[in-house]
$ cat upload-v9.cif   # mmCIF, C-alpha atoms and all ligand atoms
data_structure
#
loop_
_atom_site.label_atom_id
_atom_site.label_comp_id
_atom_site.auth_asym_id
_atom_site.auth_seq_id
_atom_site.Cartn_x
_atom_site.Cartn_y
_atom_site.Cartn_z
CA MET S 27 -30.83 13.27 4.24
CA LEU S 28 -33.35 10.71 5.44
CA ASN S 29 -32.39 7.18 6.34
CA LYS S 30 -29.09 5.38 6.25
CA ILE S 31 -29.36 2.78 3.46
CA ALA S 32 -25.86 1.37 3.53
CA GLU S 33 -22.50 1.96 5.09
CA GLY S 34 -19.18 0.85 3.63
CA LYS S 35 -15.62 1.37 4.75
CA THR S 36 -15.36 4.99 3.62
CA LYS S 37 -18.86 6.22 2.79
CA ILE S 38 -22.44 6.17 4.07
CA VAL S 39 -25.41 6.08 1.69
CA TYR S 40 -28.53 8.00 2.77
CA SER S 41 -31.92 8.09 1.07
CA SER S 42 -33.33 11.44 -0.12
CA THR S 43 -36.84 12.76 -0.71
CA SER S 44 -36.48 11.66 -4.34
CA SER S 45 -36.52 7.91 -4.93
CA ASP S 46 -34.09 8.41 -7.86
CA GLU S 47 -31.35 10.08 -5.81
CA VAL S 48 -29.24 9.27 -2.76
CA PHE S 49 -26.63 11.09 -0.71
CA LEU S 50 -23.09 9.77 -0.36
CA LYS S 51 -21.36 10.99 2.78
CA PHE S 52 -17.57 10.61 2.87
CA LYS S 53 -16.12 9.48 6.20
CA ASP S 54 -12.64 10.29 7.54
CA ASP S 55 -11.74 6.59 7.55
CA ILE S 56 -8.85 5.29 5.50
CA THR S 57 -8.38 1.58 4.84
CA ALA S 58 -6.05 -0.73 2.93
CA LEU S 59 -5.35 -4.44 2.48
CA ASP S 60 -9.05 -5.32 2.04
CA GLY S 61 -9.93 -3.47 5.22
CA GLU S 62 -7.29 -5.14 7.44
CA LYS S 63 -5.50 -1.81 7.89
CA HIS S 64 -7.74 0.97 9.16
CA ASN S 65 -7.31 4.46 10.58
CA VAL S 66 -9.26 7.68 10.93
CA LEU S 67 -7.72 10.71 9.27
CA PRO S 68 -9.55 13.89 10.30
CA GLY S 69 -10.18 16.00 7.19
CA LYS S 70 -9.96 13.16 4.69
CA GLY S 71 -13.74 13.05 4.16
CA VAL S 72 -13.79 16.67 2.99
CA ILE S 73 -10.81 16.13 0.70
CA ASN S 74 -12.27 13.00 -0.90
CA ALA S 75 -15.75 14.48 -1.33
CA LYS S 76 -14.47 17.64 -2.99
CA VAL S 77 -11.93 15.87 -5.19
CA SER S 78 -14.66 13.42 -6.27
CA ALA S 79 -17.07 16.25 -7.08
CA LYS S 80 -14.40 18.02 -9.14
CA ILE S 81 -13.50 14.90 -11.13
CA PHE S 82 -17.11 13.82 -11.69
CA SER S 83 -17.92 17.35 -12.96
CA LEU S 84 -15.00 17.11 -15.34
CA LEU S 85 -16.27 13.78 -16.72
CA GLU S 86 -19.83 15.12 -17.05
CA GLU S 87 -18.47 18.09 -19.05
CA LYS S 88 -16.98 15.53 -21.45
CA ASP S 89 -20.34 13.73 -21.76
CA ILE S 90 -19.25 10.69 -19.81
CA PRO S 91 -22.29 9.23 -17.99
CA THR S 92 -21.84 9.39 -14.19
CA HIS S 93 -24.10 9.41 -11.13
CA PHE S 94 -22.98 12.88 -10.02
CA VAL S 95 -25.66 15.51 -9.29
CA LYS S 96 -23.95 18.01 -6.98
CA LEU S 97 -21.92 18.53 -3.84
CA VAL S 98 -24.40 19.46 -1.11
CA ASP S 99 -21.96 20.11 1.74
CA ASP S 100 -18.26 19.63 2.50
CA THR S 101 -18.52 15.85 2.84
CA THR S 102 -21.70 14.95 0.93
CA MET S 103 -22.51 14.42 -2.74
CA LYS S 104 -26.01 14.06 -4.12
CA VAL S 105 -25.97 11.32 -6.76
CA LYS S 106 -28.35 9.37 -8.96
CA LYS S 107 -29.31 6.17 -7.21
CA LEU S 108 -27.74 3.23 -9.03
CA LYS S 109 -27.97 -0.53 -8.79
CA MET S 110 -24.27 -1.05 -8.28
CA ILE S 111 -22.43 -3.84 -10.09
CA PRO S 112 -20.06 -5.47 -7.55
CA VAL S 113 -17.06 -5.26 -9.85
CA GLU S 114 -14.01 -3.02 -9.66
CA VAL S 115 -12.88 -1.90 -13.11
CA VAL S 116 -9.18 -1.09 -13.04
CA CYS S 117 -7.40 0.76 -15.82
CA ARG S 118 -3.59 0.86 -15.91
CA ASN S 119 -1.18 2.99 -17.91
CA VAL S 120 1.99 2.15 -15.98
CA ALA S 121 2.91 -1.03 -14.10
CA ALA S 122 2.51 -0.86 -10.30
CA GLY S 123 0.83 -2.73 -7.43
CA HIS S 124 -0.80 -6.07 -8.27
CA LEU S 125 0.44 -6.07 -11.84
CA VAL S 126 4.06 -6.10 -10.69
CA LYS S 127 3.36 -8.53 -7.85
CA ASN S 128 1.41 -11.10 -9.90
CA TYR S 129 3.02 -11.15 -13.35
CA PRO S 130 6.64 -11.57 -14.43
CA PHE S 131 6.50 -9.14 -17.34
CA PHE S 132 6.90 -5.76 -15.68
CA ARG S 133 8.91 -3.75 -13.26
CA LYS S 134 7.30 -0.95 -11.30
CA GLY S 135 7.13 2.13 -13.52
CA ASP S 136 7.18 0.33 -16.89
CA LYS S 137 4.82 1.99 -19.38
CA LEU S 138 2.23 -0.43 -20.79
CA LYS S 139 1.99 -0.43 -24.57
CA GLU S 140 -1.70 0.40 -24.27
CA PRO S 141 -4.06 0.96 -21.33
CA LEU S 142 -4.94 -2.35 -19.64
CA ILE S 143 -8.47 -2.81 -18.30
CA GLU S 144 -9.00 -5.46 -15.61
CA PHE S 145 -12.07 -6.59 -13.66
CA PHE S 146 -12.12 -7.69 -10.01
CA LEU S 147 -15.00 -8.99 -7.93
CA LYS S 148 -15.75 -6.68 -4.98
CA ASP S 149 -15.39 -9.22 -2.22
CA ASP S 150 -12.91 -8.48 0.57
CA LEU S 151 -13.32 -11.99 2.06
CA HIS S 152 -12.02 -13.51 -1.18
CA HIS S 153 -9.50 -10.69 -1.68
CA ASP S 154 -11.22 -9.27 -4.78
CA PRO S 155 -10.46 -12.10 -7.28
CA LEU S 156 -9.62 -11.21 -10.89
CA LEU S 157 -12.52 -11.78 -13.32
CA SER S 158 -12.27 -12.59 -17.01
CA GLU S 159 -14.94 -11.41 -19.43
CA GLU S 160 -16.27 -15.00 -19.44
CA HIS S 161 -16.60 -14.82 -15.64
CA LEU S 162 -18.51 -11.54 -15.94
CA LYS S 163 -20.99 -13.07 -18.38
CA ILE S 164 -21.39 -16.52 -16.86
CA PHE S 165 -21.61 -15.22 -13.26
CA GLY S 166 -24.38 -12.85 -14.46
CA LEU S 167 -22.46 -9.71 -13.48
CA MET S 168 -22.50 -7.99 -16.90
CA GLU S 169 -23.84 -8.76 -20.34
CA GLU S 170 -21.60 -8.79 -23.39
CA LYS S 171 -22.87 -5.37 -24.57
CA GLU S 172 -22.35 -3.89 -21.09
CA ILE S 173 -18.77 -5.17 -20.96
CA GLU S 174 -18.04 -3.38 -24.27
CA ASN S 175 -19.74 -0.25 -22.96
CA VAL S 176 -17.84 -0.35 -19.65
CA LYS S 177 -14.54 -0.72 -21.52
CA ARG S 178 -15.37 2.16 -23.87
CA ILE S 179 -16.34 4.47 -20.97
CA THR S 180 -13.26 3.44 -18.97
CA ARG S 181 -10.93 4.25 -21.89
CA ARG S 182 -12.58 7.62 -22.26
CA VAL S 183 -12.27 8.35 -18.51
CA ASN S 184 -8.60 7.41 -18.81
CA GLU S 185 -8.01 9.90 -21.63
CA VAL S 186 -9.77 12.74 -19.83
CA LEU S 187 -8.15 12.06 -16.44
CA ARG S 188 -4.69 11.49 -17.86
CA GLU S 189 -4.72 14.81 -19.68
CA PHE S 190 -6.15 16.62 -16.64
CA MET S 191 -3.51 15.17 -14.28
CA GLU S 192 -0.64 15.83 -16.67
CA LYS S 193 -1.49 19.52 -16.72
CA LEU S 194 -1.18 19.46 -12.92
CA GLY S 195 2.25 17.78 -13.09
CA LEU S 196 0.89 14.36 -12.14
CA GLN S 197 1.21 11.03 -13.92
CA LEU S 198 -1.96 8.92 -13.89
CA VAL S 199 -0.53 5.44 -13.24
CA ASP S 200 -3.84 3.60 -12.73
CA PHE S 201 -7.33 4.04 -11.33
CA LYS S 202 -10.43 2.09 -10.30
CA LEU S 203 -14.01 2.69 -11.35
CA GLU S 204 -17.28 1.20 -10.11
CA PHE S 205 -20.30 1.12 -12.39
CA GLY S 206 -24.03 0.90 -11.76
CA ARG S 207 -27.30 0.94 -13.68
CA ASP S 208 -29.75 3.85 -13.31
CA LYS S 209 -33.54 3.45 -13.33
CA GLU S 210 -33.54 3.26 -17.12
CA GLY S 211 -30.88 0.56 -16.99
CA LYS S 212 -28.23 2.92 -18.36
CA LEU S 213 -24.64 2.33 -17.21
CA ARG S 214 -23.07 5.16 -15.25
CA VAL S 215 -19.79 5.63 -13.40
CA GLY S 216 -20.75 5.56 -9.73
CA ASP S 217 -19.10 5.49 -6.32
CA GLU S 218 -16.09 7.78 -5.92
CA LEU S 219 -13.17 9.20 -7.89
CA ASN S 220 -10.45 10.55 -5.67
CA ILE S 221 -7.01 9.98 -4.18
CA ASP S 222 -8.12 6.65 -2.66
CA CYS S 223 -8.80 5.04 -6.02
CA MET S 224 -5.98 6.13 -8.29
CA ARG S 225 -2.18 6.12 -8.35
CA LEU S 226 -0.68 9.51 -9.05
CA TRP S 227 3.05 10.06 -9.33
CA ASP S 228 4.84 13.40 -9.42
CA LEU S 229 5.80 13.74 -13.10
CA LYS S 230 9.23 15.14 -12.23
CA THR S 231 10.30 13.14 -9.17
CA GLY S 232 8.16 9.98 -9.44
CA GLU S 233 7.04 10.48 -5.81
CA SER S 234 3.77 8.67 -4.92
CA LEU S 235 0.98 11.15 -4.21
CA ASP S 236 -1.85 8.76 -3.35
CA LYS S 237 -2.95 6.01 -0.95
CA ASP S 238 0.31 4.09 -1.52
CA VAL S 239 1.80 6.50 1.04
CA TYR S 240 -0.62 4.97 3.58
CA ARG S 241 -0.21 1.40 2.28
CA LYS S 242 3.54 1.52 2.76
CA GLY S 243 3.17 2.62 6.38
CA GLU S 244 4.11 6.31 6.39
CA SER S 245 2.87 8.36 9.38
CA LEU S 246 -0.75 9.55 9.31
CA GLU S 247 0.62 13.10 9.33
CA LYS S 248 2.52 12.40 6.11
CA VAL S 249 -0.57 10.73 4.59
CA LEU S 250 -2.73 13.77 5.36
CA GLN S 251 -0.03 16.09 3.99
CA THR S 252 -0.02 14.11 0.75
CA TYR S 253 -3.83 14.16 0.43
CA THR S 254 -3.82 17.91 1.15
CA LYS S 255 -1.16 18.56 -1.50
CA VAL S 256 -3.13 16.69 -4.17
CA TYR S 257 -6.36 18.39 -3.08
CA LYS S 258 -4.73 21.79 -3.65
CA LEU S 259 -3.58 20.74 -7.12
CA ILE S 260 -6.92 19.24 -8.21
CA VAL S 261 -9.49 21.46 -6.48
CA GLY S 262 -7.35 24.54 -5.84
CA GLY S 263 -7.37 26.82 -2.80
CA GLU S 264 -7.59 25.93 0.87
CA ILE S 265 -9.75 23.05 2.14
N1 LIG N 1 -24.90 6.02 -7.02
C1 LIG N 1 -24.98 5.09 -6.07
N2 LIG N 1 -26.17 4.54 -5.74
C2 LIG N 1 -26.25 3.61 -4.76
N3 LIG N 1 -25.19 3.16 -4.05
C3 LIG N 1 -23.97 3.65 -4.33
C4 LIG N 1 -23.80 4.64 -5.36
N4 LIG N 1 -22.46 4.95 -5.43
C5 LIG N 1 -21.85 4.18 -4.49
N5 LIG N 1 -22.74 3.40 -3.82
C6 LIG N 1 -22.46 2.43 -2.73
O1 LIG N 1 -22.01 3.11 -1.58
C7 LIG N 1 -21.54 2.11 -0.65
C8 LIG N 1 -20.56 2.67 0.32
O2 LIG N 1 -19.32 2.92 -0.28
P1 LIG N 1 -17.95 2.44 0.36
O3 LIG N 1 -16.90 2.80 -0.64
O4 LIG N 1 -17.80 2.95 1.74
O5 LIG N 1 -18.15 0.85 0.39
P2 LIG N 1 -16.97 -0.23 0.42
O6 LIG N 1 -16.45 -0.35 1.79
O7 LIG N 1 -16.02 0.06 -0.67
O8 LIG N 1 -17.58 -1.59 0.10
P3 LIG N 1 -18.92 -2.28 -0.09
O9 LIG N 1 -19.48 -1.76 -1.38
O10 LIG N 1 -18.51 -3.71 -0.18
O11 LIG N 1 -19.79 -1.97 1.09
C9 LIG N 1 -21.04 0.98 -1.53
O12 LIG N 1 -21.80 -0.17 -1.26
C10 LIG N 1 -21.30 1.48 -2.94
O13 LIG N 1 -21.66 0.43 -3.82
MG MG N 2 -15.43 1.74 -1.64
#
$ encode --input "upload-v9.cif" --output "structure tokens" --more "lines below"
Ligand SMILES: Nc1ncnc2c1ncn2[C@@H]1O[C@H](COP(=O)(O)OP(=O)(O)OP(=O)(O)O)[C@@H](O)[C@H]1O
Ligand SMILES: [Mg+2]
Amino acid sequence: MLNKIAEGKTKIVYSSTSSDEVFLKFKDDITALDGEKHNVLPGKGVINAKVSAKIFSLLEEKDIPTHFVKLVDDTTMKVKKLKMIPVEVVCRNVAAGHLVKNYPFFRKGDKLKEPLIEFFLKDDLHHDPLLSEEHLKIFGLMEEKEIENVKRITRRVNEVLREFMEKLGLQLVDFKLEFGRDKEGKLRVGDELNIDCMRLWDLKTGESLDKDVYRKGESLEKVLQTYTKVYKLIVGGEI
């Protein structure tokens, strides 16, 4: 790892000896409510790095284009350097969170008749406003072809992840992806894919096994227990 290029709320980006690759180091920080709520949870960085590596490997096996190269140590992934698009792509199978809060059509837990893909601008100051496809085009965030491509990749990720989680006894309620363009301009799934960016419910009991445990104010001990439980299901073995 050479120089620090960027630091966000939960990860640090370092340059590497190759100009096409960077390192993503996962921190132990946990945040919610656009960064207003913040704690440090020792061990979370390892959990999130290893869960991300496992899920990215799974997507790569299914020929879904991602930035993943390899896990280089317990908290660090080597990835293809991308020009990130500052948009969060959310895919929902079941109503929860914002969807229940902002629209009158659903109650928490209602199954959607088909997966819903939404776009949000990554901008904590403006509380990540919802973007229409017209916004994406006119604001210069994505071209028409890219929007179609992003939607196709997101649907495919949903199928693969949903099946994978179901086998582990987990319901994939929703998840968030971030995309970027590699040096050839090809779209790839970037950033992270772990317990911070998806809702997972126990298929039998409906219990939340994700960051909602933190959002709703459970003790940090309970939050770490939850992350550890999901880690064991997804990655297997001890941390
Ligand atoms: N493959 C990649 N190449 C370059 N940068 C990446 C790649 N994957 C993720 N990043 C960047 O890593 C940074 C750190 O991630 P982190 O999740 O901590 O940021 P954040 O707090 O969510 O928000 P922000 O992106 O606004 O800084 C982000 O800016 C993200 O865009
Ligand atoms: Mg982030």
$ closest_atom_pairs --input "upload-v9.cif" --of "range 49-121 of chain S" --to "range 133-142 of chain S" --cutoff "12 Å" --atoms "all atoms listed in the file" --output "CSV"
residue,atom,partner,partner_atom,distance
S:Val115,CA,S:Leu142,CA,10.3
S:Val116,CA,S:Leu142,CA,7.9
S:Cys117,CA,S:Leu142,CA,5.5
S:Arg118,CA,S:Leu142,CA,5.1
S:Asn119,CA,S:Pro141,CA,4.9
S:Val120,CA,S:Lys137,CA,4.4
S:Ala121,CA,S:Lys134,CA,5.2
$ residues_near_ligand --input "upload-v9.cif" --ligand "ligand MG 2 (chain N)" --cutoff "8 Å" --atoms "only C-alpha atoms and all ligand atoms" --output "list in words"
Gly34, Lys35, Thr36, Lys37, Asp217 and Glu218 of chain S
$ closest_atom_pairs --input "upload-v9.cif" --of "chain S" --to "ligand LIG 1 (chain N)" --cutoff "7 Å" --atoms "all atoms listed in the file" --output "CSV"
residue,atom,partner,partner_atom,distance
S:Ala32,CA,N:LIG1,C7,6.1
S:Glu33,CA,N:LIG1,C8,5.2
S:Gly34,CA,N:LIG1,O4,3.1
S:Lys35,CA,N:LIG1,O6,3.5
S:Thr36,CA,N:LIG1,O4,3.7
S:Lys37,CA,N:LIG1,O4,3.6
S:Ile38,CA,N:LIG1,C8,5.5
S:Val39,CA,N:LIG1,O1,5.6
S:Val48,CA,N:LIG1,N2,6.4
S:Leu50,CA,N:LIG1,O1,6.9
S:His93,CA,N:LIG1,N1,5.4
S:Val105,CA,N:LIG1,N1,5.4
S:Lys106,CA,N:LIG1,N1,5.2
S:Lys107,CA,N:LIG1,N2,3.8
S:Leu108,CA,N:LIG1,N2,3.9
S:Lys109,CA,N:LIG1,C2,6.0
S:Met110,CA,N:LIG1,O13,5.4
S:Lys148,CA,N:LIG1,O10,6.3
S:Asp149,CA,N:LIG1,O10,6.7
S:Gly216,CA,N:LIG1,N4,4.7
S:Asp217,CA,N:LIG1,N4,3.5
S:Glu218,CA,N:LIG1,C5,6.9
$ closest_residue --input "upload-v9.cif" --among "S:Glu87, S:Glu170, S:Asp222, S:Glu114" --to "Phe52 in chain S" --atoms "only C-alpha atoms"
S:Asp222
$ atom_distance --input "upload-v9.cif" --atom1 "CA of Leu246 in chain S" --atom2 "CA of Gly232 in chain S"
20.8 Å
$ atom_distance --input "upload-v9.cif" --atom1 "CA of Lys70 in chain S" --atom2 "CA of Val249 in chain S"
9.7 Å
$ closest_residue --input "upload-v9.cif" --among "S:Ile265, S:Leu213, S:Ile221, S:Ile164" --to "Asn74 in chain S" --atoms "only C-alpha atoms"
S:Ile221
$ residues_around --input "upload-v9.cif" --residues "Gln251 in chain S" --least-positions-apart "6" --cutoff "10 Å" --atoms "all atoms listed in the file" --output "ChimeraX atom specification"
/S:235,245,257
$ atom_distance --input "upload-v9.cif" --atom1 "CA of Arg178 in chain S" --atom2 "CA of Leu226 in chain S"
22.1 Å
$ closest_residue --input "upload-v9.cif" --among "S:Asn220, S:Ala58, S:Gly243, S:Phe165" --to "Ala79 in chain S" --atoms "all atoms listed in the file"
S:Asn220
$ residues_around --input "upload-v9.cif" --residues "Val98 in chain S" --least-positions-apart "5" --cutoff "9 Å" --atoms "only C-alpha atoms" --output "MDAnalysis selection string"
chainID S and resid 49 103:104
$ axis_aligned_box --input "upload-v9.cif" --around "range 188-192 of chain S" --padding-each-side "8 Å" --output "AutoDock Vina command-line options"
--center_x -3.4 --center_y 14.1 --center_z -17.0 --size_x 21.5 --size_y 21.1 --size_z 21.4
$ residues_around --input "upload-v9.cif" --residues "Lys258 in chain S" --least-positions-apart "2" --cutoff "12 Å" --atoms "all atoms listed in the file" --output "ChimeraX atom specification"
/S:73-74,76-77,80,194,251-256,260-265
$ write_last_selection --input "upload-v9.cif" --atoms "C-alpha atoms" --output "compact mmCIF listing (two decimals), in the coordinates of the input"
# COMPACT_ATOMS: atom_id res chain seq x y z
CA ILE S 73 -10.81 16.13 0.70
CA ASN S 74 -12.27 13.00 -0.90
CA LYS S 76 -14.47 17.64 -2.99
CA VAL S 77 -11.93 15.87 -5.19
CA LYS S 80 -14.40 18.02 -9.14
CA LEU S 194 -1.18 19.46 -12.92
CA GLN S 251 -0.03 16.09 3.99
CA THR S 252 -0.02 14.11 0.75
CA TYR S 253 -3.83 14.16 0.43
CA THR S 254 -3.82 17.91 1.15
CA LYS S 255 -1.16 18.56 -1.50
CA VAL S 256 -3.13 16.69 -4.17
CA ILE S 260 -6.92 19.24 -8.21
CA VAL S 261 -9.49 21.46 -6.48
CA GLY S 262 -7.35 24.54 -5.84
CA GLY S 263 -7.37 26.82 -2.80
CA GLU S 264 -7.59 25.93 0.87
CA ILE S 265 -9.75 23.05 2.14
$ decode --input "upload-v9.cif" --residues "range 52-69 of chain S" --atoms "N, CA and C atoms" --output "PDB file, in the first residue's frame"
ATOM      1  N   PHE S  52     -10.913  -1.711   5.084  1.00  0.00           N
ATOM      2  CA  PHE S  52     -12.169  -1.562   5.837  1.00  0.00           C
ATOM      3  C   PHE S  52     -11.864  -1.167   7.282  1.00  0.00           C
ATOM      4  N   LYS S  53     -12.500  -0.089   7.723  1.00  0.00           N
ATOM      5  CA  LYS S  53     -12.309   0.398   9.093  1.00  0.00           C
ATOM      6  C   LYS S  53     -13.340  -0.267  10.018  1.00  0.00           C
ATOM      7  N   ASP S  54     -13.153  -0.094  11.323  1.00  0.00           N
ATOM      8  CA  ASP S  54     -14.101  -0.655  12.293  1.00  0.00           C
ATOM      9  C   ASP S  54     -15.285   0.279  12.545  1.00  0.00           C
ATOM     10  N   ASP S  55     -15.331   1.397  11.822  1.00  0.00           N
ATOM     11  CA  ASP S  55     -16.392   2.384  12.060  1.00  0.00           C
ATOM     12  C   ASP S  55     -17.728   1.890  11.529  1.00  0.00           C
ATOM     13  N   ILE S  56     -18.775   2.260  12.247  1.00  0.00           N
ATOM     14  CA  ILE S  56     -20.135   1.972  11.787  1.00  0.00           C
ATOM     15  C   ILE S  56     -20.913   3.277  11.863  1.00  0.00           C
ATOM     16  N   THR S  57     -21.658   3.583  10.799  1.00  0.00           N
ATOM     17  CA  THR S  57     -22.389   4.857  10.771  1.00  0.00           C
ATOM     18  C   THR S  57     -23.809   4.631  10.263  1.00  0.00           C
ATOM     19  N   ALA S  58     -24.686   5.561  10.610  1.00  0.00           N
ATOM     20  CA  ALA S  58     -26.063   5.534  10.090  1.00  0.00           C
ATOM     21  C   ALA S  58     -26.579   6.957  10.054  1.00  0.00           C
ATOM     22  N   LEU S  59     -27.766   7.125   9.487  1.00  0.00           N
ATOM     23  CA  LEU S  59     -28.407   8.443   9.370  1.00  0.00           C
ATOM     24  C   LEU S  59     -27.466   9.457   8.725  1.00  0.00           C
ATOM     25  N   ASP S  60     -26.973   9.113   7.515  1.00  0.00           N
ATOM     26  CA  ASP S  60     -26.071   9.972   6.749  1.00  0.00           C
ATOM     27  C   ASP S  60     -24.867  10.416   7.573  1.00  0.00           C
ATOM     28  N   GLY S  61     -24.377   9.553   8.421  1.00  0.00           N
ATOM     29  CA  GLY S  61     -23.166   9.842   9.170  1.00  0.00           C
ATOM     30  C   GLY S  61     -23.402  10.530  10.515  1.00  0.00           C
ATOM     31  N   GLU S  62     -24.676  10.853  10.826  1.00  0.00           N
ATOM     32  CA  GLU S  62     -24.970  11.533  12.100  1.00  0.00           C
ATOM     33  C   GLU S  62     -24.706  10.618  13.290  1.00  0.00           C
ATOM     34  N   LYS S  63     -24.995   9.322  13.091  1.00  0.00           N
ATOM     35  CA  LYS S  63     -24.749   8.338  14.149  1.00  0.00           C
ATOM     36  C   LYS S  63     -23.450   7.627  13.799  1.00  0.00           C
ATOM     37  N   HIS S  64     -22.539   7.532  14.760  1.00  0.00           N
ATOM     38  CA  HIS S  64     -21.226   6.962  14.465  1.00  0.00           C
ATOM     39  C   HIS S  64     -20.651   6.266  15.689  1.00  0.00           C
ATOM     40  N   ASN S  65     -20.134   5.071  15.479  1.00  0.00           N
ATOM     41  CA  ASN S  65     -19.434   4.348  16.549  1.00  0.00           C
ATOM     42  C   ASN S  65     -18.289   3.554  15.949  1.00  0.00           C
ATOM     43  N   VAL S  66     -17.450   3.050  16.829  1.00  0.00           N
ATOM     44  CA  VAL S  66     -16.377   2.151  16.385  1.00  0.00           C
ATOM     45  C   VAL S  66     -16.667   0.782  16.990  1.00  0.00           C
ATOM     46  N   LEU S  67     -16.658  -0.226  16.121  1.00  0.00           N
ATOM     47  CA  LEU S  67     -17.025  -1.577  16.539  1.00  0.00           C
ATOM     48  C   LEU S  67     -15.830  -2.498  16.238  1.00  0.00           C
ATOM     49  N   PRO S  68     -14.976  -2.719  17.246  1.00  0.00           N
ATOM     50  CA  PRO S  68     -13.758  -3.494  16.975  1.00  0.00           C
ATOM     51  C   PRO S  68     -14.088  -4.856  16.368  1.00  0.00           C
ATOM     52  N   GLY S  69     -13.484  -5.163  15.225  1.00  0.00           N
ATOM     53  CA  GLY S  69     -13.741  -6.446  14.559  1.00  0.00           C
ATOM     54  C   GLY S  69     -14.634  -6.309  13.336  1.00  0.00           C
TER      55      GLY S  69
END
